[in-house]
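Structure file upload-v3.txt with compact mmCIF, C-alpha atoms and all ligand atoms:
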# COMPACT_ATOMS: atom_id res chain seq x y z
CA MET A 1 51.99 19.60 -26.14
CA ALA A 2 50.98 16.00 -26.79
CA PRO A 3 53.73 13.41 -26.28
CA GLN A 4 55.53 12.18 -29.35
CA VAL A 5 53.91 9.03 -30.71
CA VAL A 6 55.95 5.81 -30.59
CA ALA A 7 54.49 3.42 -33.17
CA PRO A 8 53.85 -0.29 -32.54
CA SER A 9 56.91 -2.40 -33.34
CA SER A 10 57.01 -3.41 -37.00
CA SER A 11 58.84 -6.65 -36.20
CA PHE A 12 56.07 -7.97 -33.92
CA ASP A 13 53.44 -10.19 -35.53
CA TRP A 14 50.41 -8.37 -34.11
CA LYS A 15 47.93 -10.70 -35.82
CA LYS A 16 49.27 -13.62 -33.78
CA LEU A 17 49.07 -11.83 -30.43
CA ALA A 18 47.92 -14.35 -27.81
CA PHE A 19 47.31 -14.46 -24.06
CA ASP A 20 50.92 -15.05 -23.17
CA LEU A 21 54.13 -13.50 -21.84
CA TYR A 22 56.33 -11.81 -24.44
CA SER A 23 59.81 -10.41 -23.98
CA THR A 24 60.00 -6.68 -23.36
CA ALA A 25 62.55 -3.89 -22.90
CA GLY A 26 62.50 -4.47 -19.15
CA TYR A 27 60.68 -3.84 -15.91
CA VAL A 28 60.78 -1.26 -13.14
CA LYS A 29 61.58 -2.12 -9.53
CA TYR A 30 61.59 -0.40 -6.12
CA VAL A 31 63.00 -1.76 -2.88
CA TRP A 32 61.62 -0.98 0.61
CA LYS A 33 63.88 -1.06 3.66
CA PRO A 34 63.01 -0.06 7.23
CA GLU A 35 65.52 2.84 7.27
CA THR A 36 64.66 4.33 3.90
CA GLY A 37 61.13 3.22 3.03
CA TRP A 38 60.58 2.95 -0.71
CA GLY A 39 63.73 3.80 -2.65
CA ASN A 40 64.11 5.08 -6.20
CA ALA A 41 63.12 3.32 -9.40
CA GLU A 42 65.57 0.81 -10.85
CA TRP A 43 65.32 -0.36 -14.45
CA VAL A 44 65.91 -4.10 -14.98
CA GLU A 45 66.30 -5.45 -18.50
CA GLN A 46 66.10 -9.19 -17.87
CA PRO A 47 62.81 -10.57 -16.55
CA TYR A 48 64.35 -12.12 -13.42
CA ILE A 49 64.75 -11.26 -9.78
CA ASN A 50 67.29 -12.53 -7.28
CA LEU A 51 65.71 -13.85 -4.07
CA HIS A 52 66.99 -15.46 -0.89
CA VAL A 53 65.76 -19.06 -0.65
CA GLY A 54 64.20 -18.15 2.70
CA SER A 55 62.35 -15.09 1.44
CA VAL A 56 58.86 -14.70 2.89
CA ALA A 57 57.53 -14.38 -0.66
CA ILE A 58 58.69 -17.91 -1.48
CA GLN A 59 58.12 -19.58 1.89
CA TYR A 60 54.96 -17.96 3.21
CA GLY A 61 53.20 -16.59 0.13
CA GLY A 62 54.10 -12.94 0.69
CA SER A 63 53.03 -11.84 -2.78
CA VAL A 64 50.22 -9.60 -4.06
CA PHE A 65 49.59 -8.29 -7.53
CA GLU A 66 47.47 -6.08 -9.75
CA GLY A 67 46.43 -6.19 -13.39
CA LEU A 68 45.55 -3.25 -15.61
CA LYS A 69 45.80 -2.31 -19.26
CA ALA A 70 47.13 0.39 -21.58
CA PHE A 71 45.33 1.04 -24.84
CA ARG A 72 46.46 2.61 -28.10
CA GLN A 73 44.18 5.47 -29.17
CA GLU A 74 43.34 6.37 -32.77
CA ASP A 75 45.89 9.22 -32.76
CA GLY A 76 48.64 6.78 -31.70
CA GLN A 77 48.79 7.95 -28.07
CA VAL A 78 48.71 5.36 -25.29
CA LYS A 79 46.47 5.67 -22.24
CA ILE A 80 45.99 3.53 -19.15
CA PHE A 81 42.60 2.52 -17.75
CA ARG A 82 41.94 3.72 -14.16
CA PRO A 83 45.39 3.08 -12.62
CA GLN A 84 44.41 4.97 -9.46
CA GLU A 85 41.91 2.20 -8.67
CA ASN A 86 44.64 -0.43 -8.88
CA ALA A 87 46.95 1.70 -6.72
CA SER A 88 44.39 1.76 -3.97
CA ARG A 89 43.52 -1.94 -4.25
CA LEU A 90 47.21 -2.90 -4.14
CA ASN A 91 47.38 -1.17 -0.78
CA LEU A 92 44.39 -3.17 0.48
CA SER A 93 46.17 -6.37 -0.52
CA ALA A 94 49.50 -5.19 0.92
CA GLU A 95 47.88 -4.26 4.24
CA ALA A 96 46.27 -7.70 4.49
CA LEU A 97 49.67 -9.39 4.13
CA SER A 98 51.56 -7.00 6.46
CA MET A 99 53.40 -5.28 3.63
CA PRO A 100 54.23 -1.56 3.54
CA GLU A 101 51.92 0.98 1.96
CA LEU A 102 52.91 2.26 -1.47
CA PRO A 103 52.04 5.91 -2.19
CA GLU A 104 49.78 6.39 -5.21
CA GLU A 105 52.36 8.71 -6.87
CA LYS A 106 54.96 5.95 -6.73
CA PHE A 107 52.53 3.43 -8.22
CA LEU A 108 51.61 5.80 -11.05
CA GLU A 109 55.25 6.70 -11.68
CA ALA A 110 56.18 3.01 -11.90
CA VAL A 111 53.31 2.20 -14.25
CA HIS A 112 54.09 5.23 -16.41
CA THR A 113 57.79 4.37 -16.64
CA VAL A 114 57.34 0.74 -17.64
CA VAL A 115 54.71 1.58 -20.25
CA ALA A 116 56.72 4.54 -21.58
CA ARG A 117 59.77 2.31 -22.08
CA ASN A 118 57.71 -0.36 -23.82
CA LEU A 119 55.52 1.90 -25.94
CA ASP A 120 56.34 -0.01 -29.12
CA LEU A 121 54.77 -3.09 -27.52
CA VAL A 122 51.35 -1.48 -27.20
CA PRO A 123 49.34 -3.09 -30.03
CA PRO A 124 48.11 -0.94 -32.93
CA PHE A 125 44.87 0.97 -32.61
CA ALA A 126 41.74 -0.91 -33.60
CA PRO A 127 38.18 0.19 -32.83
CA TYR A 128 36.95 -1.13 -29.48
CA GLY A 129 40.38 -2.48 -28.59
CA GLY A 130 40.16 -5.18 -31.26
CA ALA A 131 43.93 -5.50 -31.65
CA GLY A 132 44.67 -6.08 -27.96
CA SER A 133 46.35 -4.02 -25.29
CA LEU A 134 49.45 -3.80 -23.14
CA TYR A 135 48.83 -5.71 -19.92
CA ILE A 136 50.49 -4.20 -16.84
CA ARG A 137 51.30 -6.36 -13.83
CA PRO A 138 52.30 -4.44 -10.66
CA THR A 139 53.50 -6.85 -7.96
CA MET A 140 54.61 -6.48 -4.35
CA ILE A 141 56.56 -9.23 -2.64
CA ALA A 142 58.03 -9.82 0.78
CA SER A 143 61.56 -10.31 -0.52
CA GLY A 144 63.34 -10.41 2.84
CA ALA A 145 64.23 -13.76 4.43
CA GLU A 146 62.76 -14.91 7.74
CA LEU A 147 62.42 -18.31 9.31
CA ALA A 148 59.87 -17.16 11.87
CA LEU A 149 56.40 -16.20 10.72
CA VAL A 150 56.99 -12.45 10.84
CA ALA A 151 57.06 -9.65 8.26
CA PRO A 152 60.60 -9.33 6.86
CA GLN A 153 62.87 -6.29 6.63
CA GLU A 154 62.74 -5.97 2.87
CA PHE A 155 60.01 -5.72 0.25
CA VAL A 156 60.10 -5.25 -3.49
CA PHE A 157 57.52 -3.58 -5.68
CA PHE A 158 57.95 -4.18 -9.40
CA VAL A 159 55.88 -3.63 -12.52
CA TYR A 160 56.25 -5.59 -15.73
CA VAL A 161 54.22 -5.61 -18.92
CA THR A 162 53.33 -7.83 -21.83
CA PRO A 163 51.34 -7.22 -24.98
CA LEU A 164 48.08 -9.09 -24.68
CA GLY A 165 45.53 -10.63 -26.95
CA SER A 166 42.16 -11.73 -25.70
CA LEU A 167 41.66 -14.32 -22.92
CA TYR A 168 38.35 -15.77 -24.08
CA GLY A 169 38.12 -14.19 -27.52
CA SER A 170 36.26 -10.97 -26.57
CA ALA A 171 37.60 -8.11 -28.67
CA GLY A 172 36.69 -5.51 -31.23
CA GLY A 173 32.96 -5.78 -30.51
CA LYS A 174 32.88 -9.58 -30.77
CA ALA A 175 32.33 -11.72 -27.70
CA PRO A 176 31.92 -15.47 -28.10
CA ALA A 177 29.85 -16.94 -25.25
CA VAL A 178 31.41 -19.72 -23.19
CA ASP A 179 30.14 -22.57 -21.00
CA SER A 180 30.94 -22.41 -17.29
CA ILE A 181 30.94 -24.91 -14.45
CA ILE A 182 30.72 -24.58 -10.68
CA VAL A 183 33.76 -25.84 -8.77
CA GLU A 184 32.16 -28.24 -6.29
CA GLU A 185 35.29 -29.71 -4.65
CA TYR A 186 37.08 -26.53 -3.63
CA ASP A 187 36.21 -23.09 -2.24
CA ARG A 188 38.51 -20.27 -3.27
CA ALA A 189 37.59 -17.88 -0.48
CA ALA A 190 36.02 -17.79 2.97
CA PRO A 191 33.90 -14.87 4.22
CA LYS A 192 36.63 -13.59 6.56
CA GLY A 193 39.46 -14.81 4.33
CA THR A 194 41.53 -13.33 1.53
CA GLY A 195 39.07 -13.49 -1.37
CA THR A 196 38.76 -9.69 -1.50
CA ILE A 197 42.47 -9.18 -2.14
CA LYS A 198 44.71 -10.09 -5.06
CA ALA A 199 47.04 -12.37 -3.12
CA GLY A 200 49.08 -14.76 -5.25
CA GLY A 201 48.14 -17.64 -2.95
CA ASN A 202 44.47 -17.41 -3.94
CA TYR A 203 45.18 -18.60 -7.47
CA GLY A 204 47.46 -21.64 -7.21
CA PRO A 205 44.88 -23.98 -5.65
CA VAL A 206 42.38 -23.33 -8.47
CA LEU A 207 44.74 -24.42 -11.26
CA LYS A 208 43.88 -28.12 -11.24
CA TYR A 209 40.10 -27.53 -11.09
CA GLN A 210 40.37 -25.01 -13.90
CA ALA A 211 42.47 -27.39 -16.00
CA ALA A 212 40.01 -30.26 -15.41
CA ALA A 213 37.05 -28.02 -16.26
CA LYS A 214 38.72 -26.83 -19.45
CA LYS A 215 39.38 -30.41 -20.50
CA ALA A 216 35.71 -31.21 -19.92
CA GLY A 217 34.66 -28.30 -22.17
CA TYR A 218 34.19 -25.50 -19.65
CA PRO A 219 36.65 -22.66 -20.22
CA ILE A 220 35.62 -20.81 -17.06
CA THR A 221 34.97 -21.91 -13.46
CA LEU A 222 32.47 -20.40 -11.01
CA HIS A 223 32.51 -20.38 -7.20
CA LEU A 224 29.58 -20.31 -4.78
CA ASP A 225 29.88 -18.71 -1.36
CA SER A 226 31.79 -21.13 0.85
CA LYS A 227 29.67 -20.64 3.97
CA THR A 228 26.26 -21.65 2.63
CA ARG A 229 27.00 -22.74 -0.96
CA THR A 230 23.73 -21.10 -1.98
CA CYS A 231 24.85 -17.73 -3.38
CA ILE A 232 27.08 -16.84 -6.29
CA ASP A 233 30.51 -15.42 -5.48
CA GLU A 234 32.55 -15.05 -8.66
CA PHE A 235 34.53 -16.84 -11.35
CA SER A 236 38.08 -17.99 -10.52
CA THR A 237 39.63 -15.04 -12.36
CA SER A 238 36.80 -12.57 -12.86
CA ASN A 239 33.63 -11.19 -11.31
CA PHE A 240 30.08 -12.40 -12.01
CA MET A 241 27.42 -10.06 -13.38
CA ALA A 242 23.99 -10.65 -14.79
CA ILE A 243 21.00 -9.01 -16.41
CA LYS A 244 17.73 -9.81 -14.68
CA LYS A 245 14.93 -11.31 -16.71
CA ALA A 246 12.74 -8.40 -17.77
CA SER A 247 8.99 -8.32 -17.16
CA SER A 248 8.48 -6.99 -20.69
CA PRO A 249 10.77 -6.44 -23.69
CA ASP A 250 10.82 -2.66 -23.22
CA ALA A 251 11.30 -2.63 -19.44
CA THR A 252 14.38 -0.83 -18.06
CA PRO A 253 17.26 -3.37 -17.89
CA THR A 254 18.54 -4.35 -14.45
CA LEU A 255 22.19 -5.23 -13.90
CA VAL A 256 22.81 -7.44 -10.86
CA TYR A 257 26.15 -7.81 -9.13
CA PRO A 258 26.81 -10.12 -6.16
CA LYS A 259 27.29 -8.61 -2.73
CA SER A 260 29.70 -10.92 -0.93
CA GLU A 261 32.40 -10.64 1.72
CA SER A 262 34.73 -12.86 -0.24
CA ILE A 263 34.96 -11.54 -3.79
CA LEU A 264 37.61 -9.43 -5.41
CA LYS A 265 36.45 -5.85 -5.90
CA SER A 266 36.80 -5.64 -9.64
CA VAL A 267 37.57 -2.30 -11.27
CA THR A 268 35.84 -3.57 -14.40
CA ALA A 269 32.67 -4.43 -12.43
CA LYS A 270 32.68 -1.03 -10.76
CA SER A 271 33.08 0.62 -14.18
CA LEU A 272 30.28 -1.47 -15.69
CA MET A 273 27.91 -0.49 -12.88
CA ASP A 274 28.68 3.17 -13.61
CA ILE A 275 28.17 2.59 -17.34
CA ALA A 276 24.85 0.82 -16.66
CA ARG A 277 23.65 3.76 -14.53
CA SER A 278 24.74 6.20 -17.24
CA LEU A 279 22.59 4.23 -19.70
CA GLY A 280 19.63 4.64 -17.35
CA TRP A 281 19.61 0.99 -16.25
CA ASN A 282 18.83 -0.20 -12.75
CA VAL A 283 21.73 -1.64 -10.77
CA GLU A 284 21.20 -4.14 -7.95
CA HIS A 285 24.18 -4.94 -5.71
CA ARG A 286 22.95 -7.82 -3.55
CA PRO A 287 23.48 -11.49 -2.80
CA ILE A 288 22.48 -13.61 -5.80
CA PRO A 289 21.09 -17.04 -4.82
CA PHE A 290 22.11 -19.68 -7.34
CA GLN A 291 18.47 -20.79 -7.30
CA GLU A 292 17.69 -17.55 -9.16
CA VAL A 293 19.77 -18.87 -12.07
CA ILE A 294 18.06 -22.29 -11.93
CA ASP A 295 14.65 -20.58 -11.89
CA GLY A 296 15.52 -18.64 -15.05
CA GLY A 297 15.62 -15.28 -13.24
CA LEU A 298 18.75 -14.09 -15.05
CA GLU A 299 18.56 -13.69 -18.81
CA GLU A 300 22.19 -12.76 -19.39
CA VAL A 301 25.32 -13.66 -17.43
CA LEU A 302 28.81 -12.34 -17.97
CA ALA A 303 32.28 -12.63 -16.48
CA CYS A 304 34.16 -9.35 -16.15
CA GLY A 305 37.69 -8.36 -15.29
CA THR A 306 40.73 -6.71 -16.81
CA ALA A 307 42.09 -9.90 -18.37
CA ALA A 308 38.71 -11.34 -19.43
CA ALA A 309 37.19 -7.95 -20.39
CA ILE A 310 33.57 -9.06 -20.74
CA THR A 311 32.99 -12.72 -21.43
CA PRO A 312 29.39 -13.78 -22.04
CA ILE A 313 28.38 -16.98 -20.27
CA ARG A 314 25.89 -19.22 -22.10
CA SER A 315 25.45 -21.99 -19.56
CA ILE A 316 26.28 -22.94 -15.99
CA THR A 317 26.79 -26.61 -15.10
CA TYR A 318 26.39 -27.65 -11.46
CA GLN A 319 25.76 -30.65 -9.26
CA ASP A 320 22.23 -31.00 -7.88
CA ALA A 321 21.32 -32.25 -4.38
CA ASN A 322 21.53 -35.86 -5.65
CA GLY A 323 25.02 -35.39 -7.01
CA GLN A 324 23.75 -35.37 -10.61
CA GLN A 325 25.26 -32.94 -13.08
CA GLN A 326 22.75 -30.40 -14.40
CA LYS A 327 23.16 -27.65 -16.97
CA VAL A 328 21.26 -24.35 -16.96
CA SER A 329 21.18 -22.51 -20.26
CA ILE A 330 21.47 -18.72 -20.17
CA GLY A 331 19.59 -16.68 -22.79
CA ASP A 332 19.48 -18.60 -26.09
CA GLY A 333 22.23 -20.89 -24.78
CA GLN A 334 24.47 -19.89 -27.69
CA ASN A 335 25.33 -16.23 -28.09
CA ALA A 336 25.91 -13.09 -26.05
CA GLY A 337 22.74 -11.18 -25.17
CA PRO A 338 22.14 -7.58 -26.30
CA HIS A 339 22.86 -5.95 -22.93
CA THR A 340 26.16 -7.79 -22.55
CA LEU A 341 27.15 -6.55 -26.01
CA LYS A 342 26.09 -3.00 -25.11
CA LEU A 343 28.27 -3.07 -21.97
CA LEU A 344 31.18 -4.46 -23.99
CA GLU A 345 30.75 -1.73 -26.60
CA MET A 346 30.70 1.01 -23.96
CA LEU A 347 33.64 -0.31 -21.93
CA THR A 348 35.95 -1.10 -24.85
CA GLY A 349 34.77 2.06 -26.61
CA ILE A 350 35.89 4.22 -23.69
CA GLN A 351 39.19 2.32 -23.42
CA ALA A 352 40.05 2.72 -27.12
CA GLY A 353 38.73 6.29 -27.28
CA ASN A 354 35.78 5.46 -29.57
CA LYS A 355 33.36 6.66 -26.88
CA GLU A 356 33.41 9.70 -24.68
CA ASP A 357 35.21 9.25 -21.36
CA PRO A 358 33.05 11.45 -19.11
CA SER A 359 34.75 10.49 -15.82
CA ALA A 360 38.32 10.71 -17.18
CA TRP A 361 39.05 7.02 -16.64
CA LEU A 362 41.94 7.12 -19.13
CA TRP A 363 45.28 8.31 -17.75
CA PRO A 364 47.31 10.36 -18.42
CA ALA A 365 44.97 12.77 -20.20
CA GLU A 366 47.56 13.64 -22.88
CA GLY A 367 48.99 10.10 -23.20
CA VAL A 368 52.04 8.21 -21.88
CA ASP A 369 55.19 10.22 -22.59
CA ALA A 370 58.42 8.42 -23.50
CA ALA A 371 60.32 11.66 -22.87
CA LYS A 372 59.29 11.54 -19.20
CA ALA A 373 60.59 8.08 -18.40
C1 LIG B 1 41.61 -9.51 -10.84
C2 LIG B 1 40.38 -10.27 -10.54
C3 LIG B 1 39.12 -9.82 -10.95
C4 LIG B 1 38.93 -8.64 -11.85
O1 LIG B 1 39.27 -7.42 -11.31
P1 LIG B 1 39.53 -6.19 -12.29
O2 LIG B 1 39.90 -5.09 -11.37
O3 LIG B 1 38.27 -5.92 -13.00
O4 LIG B 1 40.61 -6.59 -13.21
C5 LIG B 1 38.01 -10.53 -10.53
N1 LIG B 1 38.12 -11.65 -9.77
C6 LIG B 1 39.32 -12.12 -9.39
C7 LIG B 1 39.37 -13.34 -8.56
C8 LIG B 1 40.47 -11.44 -9.76
O5 LIG B 1 41.67 -11.92 -9.40
Using the file provided, produce a representation of the structure as C-alpha cells.
Amino acid sequence: MAPQVVAPSSSFDWKKLAFDLYSTAGYVKYVWKPETGWGNAEWVEQPYINLHVGSVAIQYGGSVFEGLKAFRQEDGQVKIFRPQENASRLNLSAEALSMPELPEEKFLEAVHTVVARNLDLVPPFAPYGGAGSLYIRPTMIASGAELALVAPQEFVFFVYVTPLGSLYGSAGGKAPAVDSIIVEEYDRAAPKGTGTIKAGGNYGPVLKYQAAAKKAGYPITLHLDSKTRTCIDEFSTSNFMAIKKASSPDATPTLVYPKSESILKSVTAKSLMDIARSLGWNVEHRPIPFQEVIDGGLEEVLACGTAAAITPIRSITYQDANGQQQKVSIGDGQNAGPHTLKLLEMLTGIQAGNKEDPSAWLWPAEGVDAAKA
C-alpha cells in the first residue's frame, strides 16, 4: 500500500522559496563511540548541537557532508534522488578524514526519518521540479575533543533538511545562463589532496573569491587544475560539463566531462552521463584543456550538481599570459543551448516523475512513509 500523502504546509509561502535555511521540525542524529559503534537515532528539535571547544571538528576541520534532494511527485508522494550514491561518497570522505564508516542502511534510515518527519516542508509538485525540493544535508563530524592531532573517541552523524528554491534560477524547464570567471589567485584542490571528497574545509577558502566574483558580475567561479593550470577541473560548488562543437548540425552530440584527480565525483554528473548515453550521445571522460574553450571547441558549457541542478554557462572570463582579462563566449553568449536544455529536461523530469525512471534512481519506490519514522 502506498504511504499516506502528507501535503505541503499551507502556512509556508511556497512562491517565495529561496536558497536559504528554513526552520524545520528537527533533525536526526547518531553518535559513534569506540565501545558501541554507531548508536540509535536521536531526534533533535532545535537546530543546534553541543560541542566541546576542543572538538576535532572545530579545531582541525573534522567535518564532511553530503547534499541530496527529495522531490514531490504528481500523486503527492515524496521520493529521494539516488541516496545510495551519497551514502557511498560520505564513506569516501569519512575514510579520508579518519572517521568511522557508516553502514548504508543507517544512512538511508537517517535520511528517511528526517524527510518523513518534515514531509510538509517538501514543496508542492510542479512539472520538472519547478516548485523546488527538500534539500537534505547529511553531515559527519569528529565531535570528540583532542589536543593532539589524532582521531577522537567520538563522532556524530546528523542529517538536517531545508526546503530549497533554485540556486541560479534553473527550475521547471527554465535555465538562465550565467557568466563565469576563473579563480586565478587560489587553487581549491591539489592532485593528491582533498578535492575528491566533500570535506567542509574545501569550501571556506573559496568564499572571498566567490564573493568578489559575484560583485564583479560573475555568479559562478571556475578552477583550473592546480598542477599545470592548463586543464579544467570544476566550479567551486559544482562539476563542469560541456557539449563539443559538432562537425555538422545533425552529428551525434558529444558530452565531455573532465577527468581529474582533484574533482568531486558528482552524482549529478554521473547521472547526466548515463542520460546522455541513453539518448544515444557520445560521452568523453577525459582531461579538458582550457585552450579547447578558447579555440571554440565547446559549443555548450554547464555547471551541474545537486544544489545547482544544471546551470548553463554563457561565458568564461580568464587572465591571459600577459595578465589581461579575456572573455570567451559560449554558444550565442546569451542563452542555454539545446543539449543543455535536453539534459535539464531529462534530469528534472526523472526527479519529478514526469519521465520514466528506468534505473530506479528515485527511492523509496513507493515514497517516503511518515508512518515508518
Ligand atoms: C557537491 C559538489 C558537487 C556536486 O555533486 P553532486 O553529487 O552532483 O551534488 C560538485 N562539485 C563540488 C565541489 C561539490 O562540493
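When only C-alpha atoms are used to compute distances to Gln351 of chain A, the closest of the residues A:Val150, A:Leu97, A:Ala370, A:Val78 turns out to be A:Val78.
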key: Distance criterion (only C-alpha atoms and all ligand atoms): nearest to ligand LIG 1 (chain B) out of A:Trp281, A:Phe65, A:Trp38, A:Tyr128   =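 That would be A:Phe65, the residue with the smallest distance to ligand LIG 1 (chain B).
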query = Any idea what the distance is between atom CA of Thr228 of chain A and atom CA of Gln325 of chain A?
reply =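 Taking atom CA of Thr228 of chain A and atom CA of Gln325 of chain A, their separation equals 19.4 Å.
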task = Please identify the residues whose atoms come within 10 Å of ligand LIG 1 (chain B), using only C-alpha atoms and all ligand atoms, and report them as an MDAnalysis selection string.
result = chainID A and resid 65:69 82:83 85:86 89 188:189 195:200 202:203 223 233:240 262:272 303:310
query = Do you know which residues are at most 10 Å from Phe125 of chain A counting only C-alpha atoms, after dropping those on the same chain fewer than 2 positions away, and could you put them as a PyMOL selection string?
reply = chain A and resi 7-8+71-78+122-123+127-133+352-353
request  = Determine, counting all atoms listed in the file, which protein, DNA and RNA residues have an atom within 10 Å of an atom of Thr221 of chain A; residues of the same chain fewer than 6 positions away are not included. Present the result as a count of residues only.
outcome  = 20
request  = Using all atoms listed in the file, pick whichever of A:Glu299, A:Glu284, A:Glu45, A:Glu95 has the shortest atom-to-atom distance to Ser247 of chain A.
outcome  =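 Smallest distance to Ser247 of chain A is found for A:Glu299.
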